[in-house]
Amino acid sequence: EPEVTQTPSHQVTQMGQEVILRCVPISNHLYFYWYRQILGQKVEFLVSFYNNEISEKSEIFDDQFSVERPDGSNFTLKIRSTKLEDSAMYFCASSETVEAFFGQGTRLTVV
Amino acid sequence: AQSVTQPDIHITVSEGASLELRCNYSYGATPYLFWYVQSPGQGLQLLLKYFSGDTLVQGIKGFEAEFKRSQSSFNLRKPSVHWSDAAEYFCAVSTSGTYKYIFGTGTRLKVLA
């Protein structure tokens with residue numbers, strides 16, 4: 001069964017560093033998403049991406065964040081100048097239409 | 001704005017007892033509704049979904065949910081809980097357009113042996 005793959009599963013980075021979280025969506029999907037879950041909290045929408053551009057973003061998704069689909073298969077989330085409060089689980093998802101399929105997440109720890 | 005409310009932060013039930021987790025949503029049109037389960041440190045596993053049609057939907061692991069438009073609810077039920085059901089449960093609504101998901105705050109289920 002096709003699945004969304006995220007790498008790495010864990011990432012530890014120093015405050016102020018840039019990180020790139022990577023995702024391989026399901027191949028025929030058209031919509032791509034990033035969500036964030038701070039430890040013990042709910043899953044929050046960050047950004048959706050369609051037709052090679054951002055279709056919607058939340059208030060969380062400020063200039064510190066960017067997304068890219070550098071080739072036909074990868075979908076990345078870049079966080080510039082990481083802060084302690086960026087520590088969270090980041091989920092990538094993709095969909096054809098309504099039903100999204102989630103990856104297993106990348107746990108980002110900023111120290 | 002769309003929102004999802006899960007009124008119960010924690011629920012404790014005995015193994016073998018029945019379970020109902022509440023979910024209310026606020027959305028102008030007919031929503032697409034989902035329930036996910038998450039074990040500690042793990043990803044999101046889809047339990048069931050409602051798009052249209054029969055308002056009682058069956059999912060995996062013996063779970064079911066009922067969509068009630070008049071109450072804006074999509075409550076999750078299980079007739080007999082197993083110790084392995086202990087986890088966090090999230091209700092979510094997907095909106096038309098960008099299809100982004102809005103999640104509730106989750107209900108943490110504890111199962112007593």
# chains A, B, ... in the order shown; residues from 1 in each chain; ligands from 1
>>> interface_residues(of="chain A", to="chain B", cutoff="9 Å", atoms="only C-alpha atoms", output="MDAnalysis selection string")
chainID A and resid 31 33 39 41:45 47:50 55:56 89 91 95 97:105 107
>>> residues_around(residues="A:Phe75", least_positions_apart="6", cutoff="9 Å", atoms="only C-alpha atoms", output="PyMOL selection string")
chain A and resi 21-25+32-33+67-69+92
>>> closest_residue(among="B:Ser3, B:Thr30, B:Thr12, B:Ser18", to="B:Ser70", atoms="only C-alpha atoms")
B:Thr30
>>> select_by_dssp(residues="chain B", states="strand (DSSP E)", output="MDAnalysis selection string")
chainID B and resid 3:5 10:14 19:21 24:26 32:38 45:50 56:58 64:68 73:78 87:94 101:103 107:112
